[in-house]
Amino acid sequence: MKANTALPFLALALWAMEARAGTIRGHLSAPPRTTQTAGGTRGRER
Amino acid sequence: MASSVPRVTAVDAGSAVRFTNRDDVYHQVFSVSPAKRFDLGKSAPHQASVVTFDQPGVIDVYDELHPEMAAYVVVVPHRLFARPSRAGDFVLPDLPFGTYLLHVWHPAHGELRRPIEVPRSGVVAIALSY
């Protein structure tokens with residue numbers, strides 16, 4: 001009987017270990033855009 | 001002047017993106033990027049089309065009828081990505097611990113890479129700058 005009652009707690013402990021996770025909090029700064037230089041050639045490249 | 005909103009969209013590979021013409025004039029959205037070539041043809045006002053992006057990469061999206069318009073679809077091979085707020089803040093939650101290589105992409109400034117150690121729990125704060 002004791003083993004049966006302990007099982008749910010064991011399962012909860014394992015779940016808690018799995019649920020552990022880290023978080024990245026970041027901030028990105030970039031200089032303001034002055035001219036459009038983005039992303040390759042405009043228009044179709046035929 | 002017409003513009004693409006949002007200018008940058010990030011999705012995981014296999015995602016479908018809906019392009020909706022919210023303008024009162026015709027548009028013709030296309031891309032010749034190697035990761036995804038498509039041409040949606042002439043799109044009437046309020047018409048929508050869906051494109052599925054299967055391969056990772058940065059897809060430059062243009063409008064045949066409005067050369068000043070540009071948008072970018074960043075397709076990544078997993079779901080661990082975030083789009084910074086207008087202020088530059090971002091969060092990547094629920095990461096299993098380990099070593100990661102963070103890739104940052106900006107349409108005007110290109111790519112940054114930063115190795116990051118994520119602990120078993122807690123927050124790693126980072127500041128990135130071009």
# chains A, B, ... in the order shown; residues from 1 in each chain; ligands from 1
>>> interface_residues(of="chain B", to="chain A", cutoff="8 Å", atoms="only C-alpha atoms", output="MDAnalysis selection string")
chainID B and resid 32 60 62 64 67 72 84 88:97 107:109 118:130
>>> write_last_selection(atoms="N, CA and C atoms", output="CSV table (one decimal), in the first residue's frame")
chain,number,residue,atom,x,y,z
B,32,VAL,N,12.1,35.5,-55.7
B,32,VAL,CA,13.1,34.7,-56.5
B,32,VAL,C,14.2,34.2,-55.6
B,60,ASP,N,13.2,37.0,-49.7
B,60,ASP,CA,12.9,38.3,-50.0
B,60,ASP,C,11.6,38.4,-50.8
B,62,TYR,N,8.9,40.7,-52.9
B,62,TYR,CA,8.7,41.9,-53.5
B,62,TYR,C,7.3,42.0,-54.2
B,64,GLU,N,5.7,43.1,-57.8
B,64,GLU,CA,6.0,43.4,-59.2
B,64,GLU,C,5.4,44.8,-59.6
B,67,PRO,N,7.6,48.6,-56.9
B,67,PRO,CA,9.0,48.2,-56.6
B,67,PRO,C,9.5,48.7,-55.3
B,72,TYR,N,10.2,40.4,-45.8
B,72,TYR,CA,11.1,39.3,-45.6
B,72,TYR,C,10.4,38.2,-44.8
B,84,PRO,N,11.7,40.4,-32.1
B,84,PRO,CA,11.8,41.5,-31.1
B,84,PRO,C,10.7,42.5,-31.3
B,88,GLY,N,13.0,46.5,-29.3
B,88,GLY,CA,14.2,45.6,-29.4
B,88,GLY,C,14.2,44.5,-28.4
B,89,ASP,N,13.2,44.4,-27.6
B,89,ASP,CA,13.1,43.3,-26.6
B,89,ASP,C,12.6,42.0,-27.1
B,90,PHE,N,13.1,40.9,-26.6
B,90,PHE,CA,12.6,39.6,-27.0
B,90,PHE,C,12.8,38.6,-25.9
B,91,VAL,N,12.0,37.5,-26.0
B,91,VAL,CA,12.1,36.5,-25.0
B,91,VAL,C,12.0,35.1,-25.7
B,92,LEU,N,12.9,34.2,-25.3
B,92,LEU,CA,12.9,32.8,-25.7
B,92,LEU,C,12.7,32.0,-24.5
B,93,PRO,N,11.4,31.6,-24.2
B,93,PRO,CA,11.2,30.8,-23.0
B,93,PRO,C,11.2,29.3,-23.2
B,94,ASP,N,11.2,28.6,-22.0
B,94,ASP,CA,11.1,27.1,-22.0
B,94,ASP,C,12.2,26.4,-22.8
B,95,LEU,N,13.4,26.8,-22.6
B,95,LEU,CA,14.5,26.2,-23.4
B,95,LEU,C,15.2,25.1,-22.5
B,96,PRO,N,15.3,23.9,-23.0
B,96,PRO,CA,16.1,22.9,-22.3
B,96,PRO,C,17.5,23.5,-22.1
B,97,PHE,N,18.1,23.1,-21.0
B,97,PHE,CA,19.4,23.6,-20.7
B,97,PHE,C,20.4,23.1,-21.7
B,107,PRO,N,17.0,43.0,-41.7
B,107,PRO,CA,17.0,43.2,-43.1
B,107,PRO,C,18.0,44.2,-43.6
B,108,ALA,N,18.4,45.2,-42.7
B,108,ALA,CA,19.3,46.2,-43.1
B,108,ALA,C,20.7,46.0,-42.6
B,109,HIS,N,20.9,45.2,-41.5
B,109,HIS,CA,22.2,45.0,-40.9
B,109,HIS,C,22.7,43.6,-41.0
B,118,VAL,N,22.4,28.1,-21.6
B,118,VAL,CA,21.1,28.2,-21.0
B,118,VAL,C,21.1,27.3,-19.8
B,119,PRO,N,20.8,27.8,-18.5
B,119,PRO,CA,20.9,26.9,-17.4
B,119,PRO,C,19.6,26.0,-17.3
B,120,ARG,N,19.6,25.2,-16.3
B,120,ARG,CA,18.4,24.3,-16.1
B,120,ARG,C,17.2,25.1,-15.8
B,121,SER,N,17.4,26.2,-15.1
B,121,SER,CA,16.2,27.1,-14.9
B,121,SER,C,16.7,28.5,-14.7
B,122,GLY,N,15.9,29.4,-14.8
B,122,GLY,CA,16.3,30.8,-14.6
B,122,GLY,C,16.4,31.5,-15.9
B,123,VAL,N,16.9,32.8,-15.8
B,123,VAL,CA,16.9,33.7,-17.0
B,123,VAL,C,18.3,34.1,-17.3
B,124,VAL,N,18.6,34.0,-18.6
B,124,VAL,CA,19.9,34.6,-19.1
B,124,VAL,C,19.5,35.9,-19.8
B,125,ALA,N,20.2,36.9,-19.3
B,125,ALA,CA,19.9,38.2,-20.0
B,125,ALA,C,21.1,38.6,-20.9
B,126,ILE,N,20.7,39.0,-22.1
B,126,ILE,CA,21.8,39.3,-23.1
B,126,ILE,C,21.5,40.6,-23.8
B,127,ALA,N,22.5,41.3,-24.2
B,127,ALA,CA,22.3,42.5,-24.9
B,127,ALA,C,23.1,42.4,-26.3
B,128,LEU,N,22.4,42.6,-27.3
B,128,LEU,CA,23.0,42.4,-28.7
B,128,LEU,C,22.9,43.8,-29.4
B,129,SER,N,24.0,44.0,-30.1
B,129,SER,CA,24.0,45.3,-30.8
B,129,SER,C,24.7,45.2,-32.1
B,130,TYR,N,24.2,45.8,-33.2
B,130,TYR,CA,24.9,45.8,-34.5
B,130,TYR,C,25.9,46.9,-34.5
>>> residues_around(residues="Asp63 in chain B", least_positions_apart="5", cutoff="8 Å", atoms="only C-alpha atoms", output="ChimeraX atom specification")
/B:27-30,68-70
